[in-house]
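Reproduced below: run-v6.cif, with mmCIF, C-alpha atoms.
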data_entry
#
loop_
_atom_site.label_atom_id
_atom_site.label_comp_id
_atom_site.auth_asym_id
_atom_site.auth_seq_id
_atom_site.Cartn_x
_atom_site.Cartn_y
_atom_site.Cartn_z
CA MET A 292 9.20 6.34 -23.21
CA THR A 293 10.97 4.41 -20.46
CA LYS A 294 8.88 1.61 -19.00
CA ALA A 295 7.62 2.34 -15.50
CA VAL A 296 9.15 0.36 -12.65
CA ASP A 297 6.52 -2.12 -11.45
CA TYR A 298 7.10 -3.63 -8.01
CA LYS A 299 5.13 -6.77 -8.91
CA LYS A 300 7.51 -7.46 -11.80
CA ASP A 301 10.78 -5.76 -10.92
CA PHE A 302 10.75 -6.77 -7.24
CA LYS A 303 8.69 -9.92 -7.59
CA HIS A 304 10.70 -11.88 -5.00
CA LEU A 305 9.71 -9.33 -2.32
CA TYR A 306 6.12 -8.55 -3.31
CA VAL A 307 4.77 -11.65 -5.04
CA PRO A 308 6.02 -14.62 -3.04
CA PRO A 309 4.49 -18.09 -3.42
CA ALA A 310 1.59 -19.21 -1.22
CA GLU A 311 4.04 -21.31 0.76
CA PRO A 312 6.91 -20.26 3.06
CA VAL A 313 10.27 -19.21 1.63
CA VAL A 314 13.35 -17.51 3.11
CA VAL A 315 14.58 -14.31 1.45
CA GLU A 316 17.14 -11.59 2.07
CA VAL A 317 15.48 -8.16 2.22
CA PRO A 318 17.91 -5.29 1.48
CA GLN A 319 17.89 -1.76 2.86
CA LEU A 320 14.95 0.16 1.35
CA PRO A 321 13.60 3.72 1.71
CA PHE A 322 10.19 4.24 3.35
CA ILE A 323 7.91 6.96 4.61
CA MET A 324 6.24 5.79 7.81
CA LEU A 325 4.35 6.64 10.97
CA GLY A 326 3.40 4.78 14.12
CA GLY A 327 0.07 4.11 15.78
CA SER A 328 -1.85 1.79 18.06
CA GLY A 329 -5.35 0.43 18.52
CA ASP A 330 -7.95 -1.22 16.32
CA PRO A 331 -7.03 -0.88 12.60
CA ASN A 332 -10.74 -0.73 11.77
CA GLY A 333 -10.96 2.75 13.31
CA GLU A 334 -10.90 6.20 11.73
CA ALA A 335 -7.35 6.94 12.88
CA PHE A 336 -5.96 4.06 10.82
CA VAL A 337 -7.76 5.37 7.73
CA LYS A 338 -6.36 8.89 8.17
CA GLN A 339 -2.85 7.53 8.79
CA THR A 340 -3.03 5.52 5.57
CA GLU A 341 -4.30 8.57 3.67
CA ALA A 342 -1.37 10.63 4.98
CA LEU A 343 1.15 8.13 3.60
CA TYR A 344 -0.55 7.83 0.22
CA SER A 345 -0.93 11.60 -0.21
CA ILE A 346 2.83 12.09 0.10
CA SER A 347 3.59 9.03 -2.05
CA TYR A 348 1.46 10.35 -4.90
CA ALA A 349 2.93 13.83 -4.54
CA VAL A 350 6.35 12.28 -5.21
CA LYS A 351 5.08 10.16 -8.10
CA MET A 352 3.23 13.00 -9.84
CA SER A 353 5.97 15.62 -9.33
CA TYR A 354 7.13 15.28 -12.95
CA ARG A 355 3.92 16.95 -14.12
CA SER A 356 4.84 20.23 -12.47
CA GLY A 357 8.51 20.09 -13.41
CA ASP A 358 9.34 19.61 -9.73
CA ALA A 359 10.65 16.05 -9.96
CA PRO A 360 13.72 15.13 -7.89
CA ALA A 361 17.06 14.45 -9.54
CA GLY A 362 17.16 10.93 -10.93
CA TYR A 363 13.37 10.67 -11.23
CA TYR A 364 12.00 7.69 -13.15
CA ALA A 365 8.48 6.46 -13.83
CA TYR A 366 7.16 3.91 -11.35
CA LYS A 367 4.04 2.47 -9.79
CA VAL A 368 3.36 3.51 -6.22
CA PHE A 369 4.31 0.73 -3.82
CA PRO A 370 1.68 -0.93 -1.61
CA LEU A 371 0.91 -0.13 2.00
CA GLU A 372 2.91 -2.14 4.54
CA GLY A 373 2.65 -2.51 8.29
CA ILE A 374 4.90 -3.84 11.05
CA TRP A 375 2.71 -5.26 13.79
CA ASP A 376 3.27 -5.80 17.49
CA LEU A 377 1.30 -5.81 20.76
CA VAL A 378 1.20 -3.10 23.41
CA ASP A 379 0.70 -5.61 26.23
CA TYR A 380 1.85 -9.22 25.75
CA THR A 381 -0.27 -10.42 28.67
CA ARG A 382 -3.43 -9.70 26.71
CA PRO A 383 -4.80 -11.97 23.92
CA SER A 384 -3.31 -11.42 20.47
CA THR A 385 -6.88 -11.31 19.13
CA ASP A 386 -7.57 -8.09 21.07
CA LYS A 387 -7.28 -5.52 18.28
CA SER A 388 -7.37 -2.60 20.70
CA ASN A 389 -4.00 -3.90 21.93
CA PHE A 390 -2.31 -3.67 18.52
CA LYS A 391 0.76 -1.49 17.99
CA TYR A 392 1.90 -0.81 14.44
CA THR A 393 4.12 1.16 12.10
CA LEU A 394 2.53 1.85 8.71
CA MET A 395 4.77 2.57 5.73
CA ILE A 396 5.03 2.85 1.96
CA ARG A 397 8.27 2.14 0.16
CA GLN A 398 9.65 5.02 -1.89
CA PRO A 399 11.73 5.10 -5.08
CA ASP A 400 15.49 5.11 -4.64
CA PHE A 401 15.84 8.70 -5.82
CA LEU A 402 13.93 10.15 -2.86
CA THR A 403 16.20 11.72 -0.23
CA GLU A 404 15.53 13.14 3.24
CA ASP A 405 15.55 16.67 1.81
CA GLY A 406 13.22 15.64 -0.99
CA PHE A 407 10.86 14.02 1.48
CA ARG A 408 10.69 17.19 3.58
CA ARG A 409 9.91 19.25 0.50
CA PHE A 410 7.06 16.97 -0.58
CA LEU A 411 5.79 16.76 2.99
CA GLU A 412 5.47 20.55 3.20
CA GLN A 413 3.78 20.68 -0.20
CA THR A 414 1.28 18.05 0.91
CA LYS A 415 0.56 19.86 4.18
CA ARG A 416 -0.37 22.98 2.23
CA LYS A 417 -2.93 20.99 0.23
CA LYS A 418 -4.21 18.50 2.83
CA SER A 419 -5.48 19.07 6.37
CA ASN A 420 -4.59 15.64 7.71
CA PRO A 421 -3.16 15.91 11.25
CA TYR A 422 -1.19 12.68 10.82
CA LEU A 423 1.07 14.33 8.25
CA ASP A 424 2.92 15.84 11.23
CA HIS A 425 3.96 12.34 12.29
CA VAL A 426 5.24 11.00 8.97
CA ARG A 427 8.99 10.39 8.77
CA PHE A 428 11.49 9.13 6.19
CA GLU A 429 13.73 6.19 7.02
CA ARG A 430 15.81 3.53 5.34
CA MET A 431 15.17 0.08 6.76
CA GLU A 432 16.97 -3.23 6.28
CA GLU A 433 15.14 -6.38 7.38
CA GLY A 434 17.82 -8.84 6.35
CA LEU A 435 17.01 -12.55 6.48
CA CYS A 436 13.24 -13.20 6.57
CA CYS A 437 10.63 -15.89 6.10
CA GLN A 438 7.63 -14.86 4.01
CA MET A 439 4.64 -16.23 2.13
CA LEU A 440 1.54 -15.01 0.31
CA HIS A 441 -1.56 -15.27 2.49
CA ILE A 442 -4.82 -15.47 0.54
CA GLY A 443 -7.96 -14.90 2.58
CA PRO A 444 -9.26 -12.83 5.51
CA TYR A 445 -6.82 -11.04 7.80
CA ASP A 446 -8.29 -12.92 10.76
CA ASP A 447 -7.09 -16.21 9.19
CA GLU A 448 -3.44 -15.14 9.17
CA PRO A 449 -2.48 -17.18 12.28
CA ALA A 450 -2.75 -20.40 10.24
CA SER A 451 -0.27 -19.03 7.68
CA PHE A 452 2.10 -17.89 10.42
CA ALA A 453 1.95 -21.40 11.88
CA ARG A 454 3.00 -22.81 8.49
CA MET A 455 5.86 -20.32 8.32
CA GLU A 456 7.12 -21.20 11.78
CA ALA A 457 6.91 -24.93 11.03
CA TYR A 458 8.88 -24.40 7.81
CA CYS A 459 11.54 -22.43 9.68
CA ALA A 460 11.87 -25.19 12.28
CA GLU A 461 12.36 -27.77 9.52
CA GLN A 462 14.94 -25.64 7.69
CA GLY A 463 16.97 -24.66 10.74
CA TYR A 464 15.75 -21.08 11.19
CA VAL A 465 14.45 -19.33 14.31
CA ARG A 466 11.98 -16.46 14.34
CA ALA A 467 13.84 -13.36 15.55
CA SER A 468 10.96 -11.59 17.35
CA LYS A 469 7.21 -11.54 17.81
CA THR A 470 6.76 -8.62 15.43
CA HIS A 471 5.85 -9.24 11.80
CA ARG A 472 5.34 -7.35 8.56
CA GLU A 473 2.26 -7.36 6.33
CA ILE A 474 2.21 -6.03 2.75
CA TYR A 475 -1.28 -5.33 1.43
CA LEU A 476 -1.61 -6.26 -2.24
CA SER A 477 -5.43 -5.96 -2.22
CA ASP A 478 -7.78 -3.10 -1.42
CA PRO A 479 -10.09 -4.43 1.34
CA ARG A 480 -12.75 -1.90 0.28
CA LYS A 481 -13.01 -3.54 -3.14
CA THR A 482 -12.00 -7.16 -2.50
CA GLU A 483 -13.92 -10.03 -0.97
CA PRO A 484 -12.25 -11.21 2.27
CA ALA A 485 -11.66 -14.69 0.80
CA LYS A 486 -9.65 -13.13 -2.07
CA LEU A 487 -7.48 -10.70 -0.12
CA LYS A 488 -3.77 -11.08 -0.88
CA THR A 489 -1.30 -10.17 1.85
CA VAL A 490 2.42 -10.83 2.05
CA LEU A 491 3.31 -12.04 5.55
CA ARG A 492 6.93 -11.75 6.67
CA PHE A 493 9.03 -12.01 9.83
CA GLN A 494 12.75 -11.81 10.48
CA VAL A 495 14.69 -15.02 11.15
CA HIS A 496 18.21 -16.17 11.94
CA LYS A 497 19.99 -19.48 11.62
CA ARG A 498 19.62 -21.78 14.58
#
Target format structure tokens, applied to this file:
Amino acid sequence: MTKAVDYKKDFKHLYVPPAEPVVVEVPQLPFIMLGGSGDPNGEAFVKQTEALYSISYAVKMSYRSGDAPAGYYAYKVFPLEGIWDLVDYTRPSTDKSNFKYTLMIRQPDFLTEDGFRRFLEQTKRKKSNPYLDHVRFERMEEGLCCQMLHIGPYDDEPASFARMEAYCAEQGYVRASKTHREIYLSDPRKTEPAKLKTVLRFQVHKR
């Protein structure tokens, strides 16, 4: 049997960076995603995450029903990711009610727009999650980025971002915008805050 594609091994440079800043080139990748705003500790965030995972697992498990897309191969479902921004830049960045985000899960290369729509409709028939109506399929290319592995509570991320920005300044890079990406390698429901592993990433360009 063909070995399953494992993002932690086969795409290690994107999903398992060192705990110190590095610059990488992130290619165009397929995602399912949906947008939201407000405190991520609320019920809406949970339901949005569930919507993305329900479709992702429908794609992964499609081989069991003989409904797999052309080119299907075994793989491990990719982790949840989020692009984070603020609704109002005049308010403190610590105000979680002011957060604006796009949640997403990377999909295998064989998934197409038509395939996504088919799995979305299948999932809607089985699940009553209202956020399924807002999920979309897109290919996204980040290009040149600075990233590092943050280990610890989410609230401690500013210290890691400061390290990343200092590294960029030393290496001749400039942060492209105030938005950033987080990739969640740990389940916060099962992991102590001090042991949470999160990939932090933002786009850069040469100075």
Would you mind listing what lies within 7 Å of region 470-476 of chain A as a list in words, with only C-alpha atoms counted and same-chain residues fewer than 5 positions away left out?
Pro370, Leu371, Glu372, Gly373, Ile374, Trp375, Asp376, Lys488, Thr489, Val490, Leu491, Arg492 and Phe493 of chain A
What would the selection look like, as a ChimeraX atom specification, if the PyMOL selection byres ((chain A and resi 337-341) around 8) were run on the coordinates I just shared?
/A:325,331-336,342-345,371,394,420,422-423
Take the PyMOL selection byres ((chain A and resi 448-456) around 12), apply it to the structure above, and return the hits as an NGL selection string.
:A and (310-314 or 384-385 or 436-447 or 457-473 or 484-485 or 487-495)
Identify, on the basis of only C-alpha atoms, every residue whose closest approach to Asp330 (chain A) does not exceed 8 Å; exclude the query and any residue fewer than 4 positions from it along the same chain; express the result as a short mmCIF file (atom, residue, chain, number, x, y, z; two decimals) with C-alpha atoms, in the frame of the given file.
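Listing of result_13.cif after writing:
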data_model
loop_
_atom_site.label_atom_id
_atom_site.label_comp_id
_atom_site.auth_asym_id
_atom_site.auth_seq_id
_atom_site.Cartn_x
_atom_site.Cartn_y
_atom_site.Cartn_z
CA PHE A 336 -5.96 4.06 10.82
CA LYS A 387 -7.28 -5.52 18.28
CA SER A 388 -7.37 -2.60 20.70
CA ASN A 389 -4.00 -3.90 21.93
CA PHE A 390 -2.31 -3.67 18.52
#
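For the atom pair formed by CA of Tyr298 (chain A) and CA of Lys367 (chain A), the distance is 7.1 Å, given to one decimal.
The interatomic distance for the pair CA of Leu402 (chain A) and CA of Met352 (chain A) works out to 13.1 Å.
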At what distance in Å, to one decimal, does CA of Val296 (chain A) lie from CA of Asp405 (chain A)?
22.7 Å
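Considering all atoms listed in the file, the residue among A:Lys486, A:Arg409, A:Lys418, A:Arg397 positioned nearest to Ile323 (chain A) is A:Arg397.
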Could you expand the PyMOL selection byres ((chain A and resi 320) around 9) into the explicit residues it covers here, written as a ChimeraX atom specification?
/A:317-319,321-322,397-400,429-433
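The smallest atom-to-atom distance between Asp358 (chain A) and any of A:Pro309, A:Pro479, A:Gly326, A:Gly406, using only C-alpha atoms, is found for A:Gly406.
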Might you pull out every residue within 9 Å of Phe407 (chain A), with only C-alpha atoms counted and same-chain residues fewer than 6 positions away left off, and present them as a PDB file with C-alpha atoms, in the frame of the given file?
ATOM      1  CA  ILE A 323       7.910   6.960   4.610  1.00  0.00           C
ATOM      2  CA  ILE A 346       2.830  12.090   0.100  1.00  0.00           C
ATOM      3  CA  VAL A 350       6.350  12.280  -5.210  1.00  0.00           C
ATOM      4  CA  ARG A 427       8.990  10.390   8.770  1.00  0.00           C
ATOM      5  CA  PHE A 428      11.490   9.130   6.190  1.00  0.00           C
TER       6      PHE A 428
END
Extract region 468-484 of chain A from the coordinates I pasted, and write it as a PDB file, in the first residue's frame (atoms kept: N, CA, C and O atoms).
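File written: selection_30.pdb
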ATOM      1  N   SER A 468       2.758  43.414   5.579  1.00  0.00           N
ATOM      2  CA  SER A 468       1.495  43.936   6.092  1.00  0.00           C
ATOM      3  C   SER A 468       1.356  43.565   7.560  1.00  0.00           C
ATOM      4  O   SER A 468       2.173  42.814   8.103  1.00  0.00           O
ATOM      5  N   LYS A 469       0.316  44.053   8.182  1.00  0.00           N
ATOM      6  CA  LYS A 469       0.086  43.756   9.592  1.00  0.00           C
ATOM      7  C   LYS A 469      -0.619  42.422   9.814  1.00  0.00           C
ATOM      8  O   LYS A 469      -0.732  41.953  10.938  1.00  0.00           O
ATOM      9  N   THR A 470      -1.117  41.815   8.747  1.00  0.00           N
ATOM     10  CA  THR A 470      -1.752  40.510   8.893  1.00  0.00           C
ATOM     11  C   THR A 470      -0.695  39.424   9.097  1.00  0.00           C
ATOM     12  O   THR A 470       0.472  39.603   8.717  1.00  0.00           O
ATOM     13  N   HIS A 471      -1.091  38.312   9.685  1.00  0.00           N
ATOM     14  CA  HIS A 471      -0.178  37.185   9.847  1.00  0.00           C
ATOM     15  C   HIS A 471      -0.958  35.888   9.789  1.00  0.00           C
ATOM     16  O   HIS A 471      -2.181  35.868   9.934  1.00  0.00           O
ATOM     17  N   ARG A 472      -0.222  34.803   9.593  1.00  0.00           N
ATOM     18  CA  ARG A 472      -0.818  33.467   9.541  1.00  0.00           C
ATOM     19  C   ARG A 472      -0.377  32.668  10.761  1.00  0.00           C
ATOM     20  O   ARG A 472       0.777  32.757  11.204  1.00  0.00           O
ATOM     21  N   GLU A 473      -1.292  31.856  11.286  1.00  0.00           N
ATOM     22  CA  GLU A 473      -0.981  30.906  12.342  1.00  0.00           C
ATOM     23  C   GLU A 473      -1.401  29.517  11.878  1.00  0.00           C
ATOM     24  O   GLU A 473      -2.482  29.354  11.300  1.00  0.00           O
ATOM     25  N   ILE A 474      -0.554  28.524  12.125  1.00  0.00           N
ATOM     26  CA  ILE A 474      -0.858  27.128  11.800  1.00  0.00           C
ATOM     27  C   ILE A 474      -0.828  26.352  13.110  1.00  0.00           C
ATOM     28  O   ILE A 474       0.192  26.325  13.802  1.00  0.00           O
ATOM     29  N   TYR A 475      -1.941  25.720  13.433  1.00  0.00           N
ATOM     30  CA  TYR A 475      -2.111  25.115  14.763  1.00  0.00           C
ATOM     31  C   TYR A 475      -1.740  23.634  14.744  1.00  0.00           C
ATOM     32  O   TYR A 475      -2.508  22.793  14.268  1.00  0.00           O
ATOM     33  N   LEU A 476      -0.560  23.335  15.268  1.00  0.00           N
ATOM     34  CA  LEU A 476      -0.075  21.955  15.284  1.00  0.00           C
ATOM     35  C   LEU A 476      -0.532  21.189  16.522  1.00  0.00           C
ATOM     36  O   LEU A 476      -0.360  19.977  16.590  1.00  0.00           O
ATOM     37  N   SER A 477      -1.104  21.893  17.498  1.00  0.00           N
ATOM     38  CA  SER A 477      -1.565  21.265  18.746  1.00  0.00           C
ATOM     39  C   SER A 477      -3.057  21.494  18.918  1.00  0.00           C
ATOM     40  O   SER A 477      -3.603  22.503  18.460  1.00  0.00           O
ATOM     41  N   ASP A 478      -3.701  20.568  19.594  1.00  0.00           N
ATOM     42  CA  ASP A 478      -5.113  20.702  19.945  1.00  0.00           C
ATOM     43  C   ASP A 478      -5.187  21.377  21.309  1.00  0.00           C
ATOM     44  O   ASP A 478      -4.799  20.778  22.316  1.00  0.00           O
ATOM     45  N   PRO A 479      -5.670  22.625  21.385  1.00  0.00           N
ATOM     46  CA  PRO A 479      -5.686  23.338  22.673  1.00  0.00           C
ATOM     47  C   PRO A 479      -6.585  22.684  23.710  1.00  0.00           C
ATOM     48  O   PRO A 479      -6.446  22.955  24.907  1.00  0.00           O
ATOM     49  N   ARG A 480      -7.496  21.808  23.269  1.00  0.00           N
ATOM     50  CA  ARG A 480      -8.367  21.103  24.221  1.00  0.00           C
ATOM     51  C   ARG A 480      -7.617  19.995  24.950  1.00  0.00           C
ATOM     52  O   ARG A 480      -8.051  19.545  26.011  1.00  0.00           O
ATOM     53  N   LYS A 481      -6.489  19.555  24.376  1.00  0.00           N
ATOM     54  CA  LYS A 481      -5.773  18.418  24.935  1.00  0.00           C
ATOM     55  C   LYS A 481      -4.332  18.740  25.311  1.00  0.00           C
ATOM     56  O   LYS A 481      -3.603  17.857  25.773  1.00  0.00           O
ATOM     57  N   THR A 482      -3.915  19.981  25.102  1.00  0.00           N
ATOM     58  CA  THR A 482      -2.512  20.357  25.297  1.00  0.00           C
ATOM     59  C   THR A 482      -2.390  21.483  26.311  1.00  0.00           C
ATOM     60  O   THR A 482      -3.151  22.448  26.260  1.00  0.00           O
ATOM     61  N   GLU A 483      -1.433  21.351  27.209  1.00  0.00           N
ATOM     62  CA  GLU A 483      -1.178  22.427  28.164  1.00  0.00           C
ATOM     63  C   GLU A 483      -0.732  23.675  27.397  1.00  0.00           C
ATOM     64  O   GLU A 483       0.015  23.574  26.422  1.00  0.00           O
ATOM     65  N   PRO A 484      -1.165  24.854  27.835  1.00  0.00           N
ATOM     66  CA  PRO A 484      -0.782  26.089  27.130  1.00  0.00           C
ATOM     67  C   PRO A 484       0.716  26.225  26.908  1.00  0.00           C
ATOM     68  O   PRO A 484       1.151  26.689  25.847  1.00  0.00           O
TER      69      PRO A 484
END
